[in-house]
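Colleague: Got a structure for you, written out below as structure tokens; questions coming shortly.
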Amino acid sequence: METLVFVVLLGTGLHVAVAVKHSLKYFYIASSGLPNFPEFVAVGSVDDVLLGSCDSNKKTPEAKQDWMKKLFQIDPYHFEMYNQECLINMPNFLKATIHTLTQRFNQSGGVHVLQRMEGCEWDDETGEVNGFRHYGYDGEDFISFDLKTLTWITPKPQAFSTKLSWDADKTEIKYMEIFFTQIFPERLRMYLAYGESSLLRTDLPSVSLLQKTPSSPVSCHATGFYPERATLSWRKDGEELHEDVELGEILPNHDGTFQMSAELKLSSVTPEDRSRYTCVFQLSGVKEEIVTKLDKADIRTNWGKTEVPVPPSEFPTGAVVGVVVGLLLLTLCICGLLMWRRNRTGFRPAETQPPPAPDDDSEASENLNPRPVDKRTG
């Protein structure tokens with residue numbers, strides 16, 4: 001079982017982001033046989049920042065960002081669009097689909113989970129767009145739409161009748177192509193415009209060289225950056241090093257920014273060659289790199305001192321704890337349900353198997369793929 005955690009950390013920005021790849025994602029999860037748990041949960045995010053959520057208990061969509069709340073107020077249609085999805089469209093369709101799939105898999109009773117993830121990625125420099133829609137059932141890939149080939153792919157024999165039916169529906173496929181390459185990207189760009197102060201915020205870090213003892217590795221420590229999409233590396237003569245380098249995890253600071261470290265072992269570094277080594281920090285969306293030379297005079301040490309300058313791992317406290325606690329129930333719901341392997345951009349891609357002869361049990365094949373409702377685009 002894998003864990004998916006949404007944490008919203010806000011603050012003020014210092015820099016304007018440049019070219020970067022942005023994402024809009026919607027997660028829909030339906031379940032049966034789970035007591036004291038909503039039958040339907042939905043969340044939306046932009047650049048992995050939680051926009052809002054709803055479930056079968058609360059029903060009404062709840063905006064998680066101030067700018068999203070304002071958007072709901074000034075654009076009642078936008079709120080109604082989400083309200084319709086949360087109240088009627090997605091809950092009914094997912095519930096009916098679970099019933100159909102239990103029959104196709106010859107299942108009776110027990111706990112069953114159906115997941116749908118869809119959205120798009122957009123590169124604001126090249127204009128490249130990638131849309132996606134994936135379904136999973138009981139922790140495994142079920143069927144996915146391939147935007148490049150405009151076909152459905154599946155590893156499950158039980159889904160081949162659905163695949164054949166959907167592949168033959170050229171009108172629906174054309175509509176999905178428009179939805180993923182035009183409607184979703186337009187919505188993403190609108191969200192980026194409304195939430196620019198937080199979504200496009202970039203804070204550069206302070207970078208220090210730290211060393212515990214004369215024989216310890218030198219740690220290049222960057223702290224205070226935002227967003228967390230950043231890289232830290234050691235280079236020799238401009239070439240990135242992989243041997244004798246240990247990269248640390250990106251950790252949150254108490255103020256909503258992030259920190260990370262990269263250690264360089266000095267066993268193979270001679271004193272005369274130190275000037276050839278640099279630590280390089282790069283933040284997604286910012287062209288300039290922060291380059292720090294391996295200069296002995298700039299290394300902060302603690303031998304002979306009582307105070308250790310290496311900062312401990314910092315975790316959200318104070319006001320951030322309130323945000324985390326507020327989202328804990330929602331994230332735990334999602335954590336317990338997203339059970340199949342997935343990469344950073346979505347679920348694990350399905351691999352097509354040679355289809356068996358289609359059966360006649362396709363009575364609910366169309367239930368899995370309801371046409372998205374968007375009154376502005378028809």
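Letters A, B, ... mark the chains of the structure tokens in the order given; residue numbers begin at 1 per chain; ligand numbers begin at 1, in order shown.
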Considering only C-alpha atoms, give me a table of residues in region 204-229 of chain A that are at most 12 Å from region 37-47 of chain A, with the closest atom pair and distance in Å for each, as a Markdown table.
Modeller:
```
| residue | atom | partner | partner_atom | distance |
| --- | --- | --- | --- | --- |
| A:Pro227 | CA | A:Asp47 | CA | 9.7 |
| A:Glu228 | CA | A:Asp47 | CA | 10.7 |
| A:Arg229 | CA | A:Asp47 | CA | 9.9 |
```
Colleague: Residues of region 89-291 of chain A classed as alpha helix (DSSP H) by DSSP on the backbone are to be reported as a VMD selection string.
Modeller: chain A and resid 90 to 104 160 to 168 170 to 178 184 to 194 196 to 199
Colleague: Let me make sure I understand: among A:Leu114, A:Leu232, A:Leu209, A:Met260, which one has the smallest atom-to-atom distance to Ile290 (chain A) if we use only C-alpha atoms?
Modeller: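 Going through A:Leu114, A:Leu232, A:Leu209, A:Met260 one by one, the smallest distance to Ile290 (chain A) is for A:Leu232.
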Colleague: Go through A:Asn89, A:Pro271, A:Gly224, A:Glu172 one by one, measure the shortest atom-to-atom distance of each to His254 (chain A) using only C-alpha atoms, and give the residue with the smallest value.
Modeller: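 So, comparing all the options, the nearest one is A:Gly224.
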Colleague: Name the residues of region 56-196 of chain A that come out as strand (DSSP E or B) in a backbone DSSP run; write them as a PyMOL selection string.
Modeller: chain A and resi 62-63+112-123+129-137+140-146+151-153
Colleague: Of the residues A:Ser268, A:Gly256, A:Trp122, A:Pro76, which is the one nearest to Asp244 (chain A), using only C-alpha atoms?
Modeller: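 Among the listed residues, A:Ser268 lies closest to Asp244 (chain A).
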Colleague: Write out as a ChimeraX atom specification which residues come within 8 Å of Phe132 (chain A) when counting only C-alpha atoms, dropping same-chain ones fewer than 3 positions away.
Modeller: /A:117-120,144-147,180
Colleague: Keeping only C-alpha atoms, write the selected residues to a file as an mmCIF file, in the first residue's frame.
Modeller:
```
data_model
loop_
_atom_site.group_PDB
_atom_site.id
_atom_site.type_symbol
_atom_site.label_atom_id
_atom_site.label_comp_id
_atom_site.auth_asym_id
_atom_site.auth_seq_id
_atom_site.Cartn_x
_atom_site.Cartn_y
_atom_site.Cartn_z
ATOM 1 C CA MET A 117 -7.482 9.984 -11.830
ATOM 2 C CA GLU A 118 -7.568 12.492 -14.655
ATOM 3 C CA GLY A 119 -6.137 15.854 -15.592
ATOM 4 C CA CYS A 120 -3.374 17.407 -17.643
ATOM 5 C CA SER A 144 -6.221 3.945 -19.130
ATOM 6 C CA PHE A 145 -6.589 6.386 -22.014
ATOM 7 C CA ASP A 146 -3.524 6.987 -24.195
ATOM 8 C CA LEU A 147 -3.765 10.509 -25.592
ATOM 9 C CA PHE A 180 -7.677 16.956 -22.293
#
```
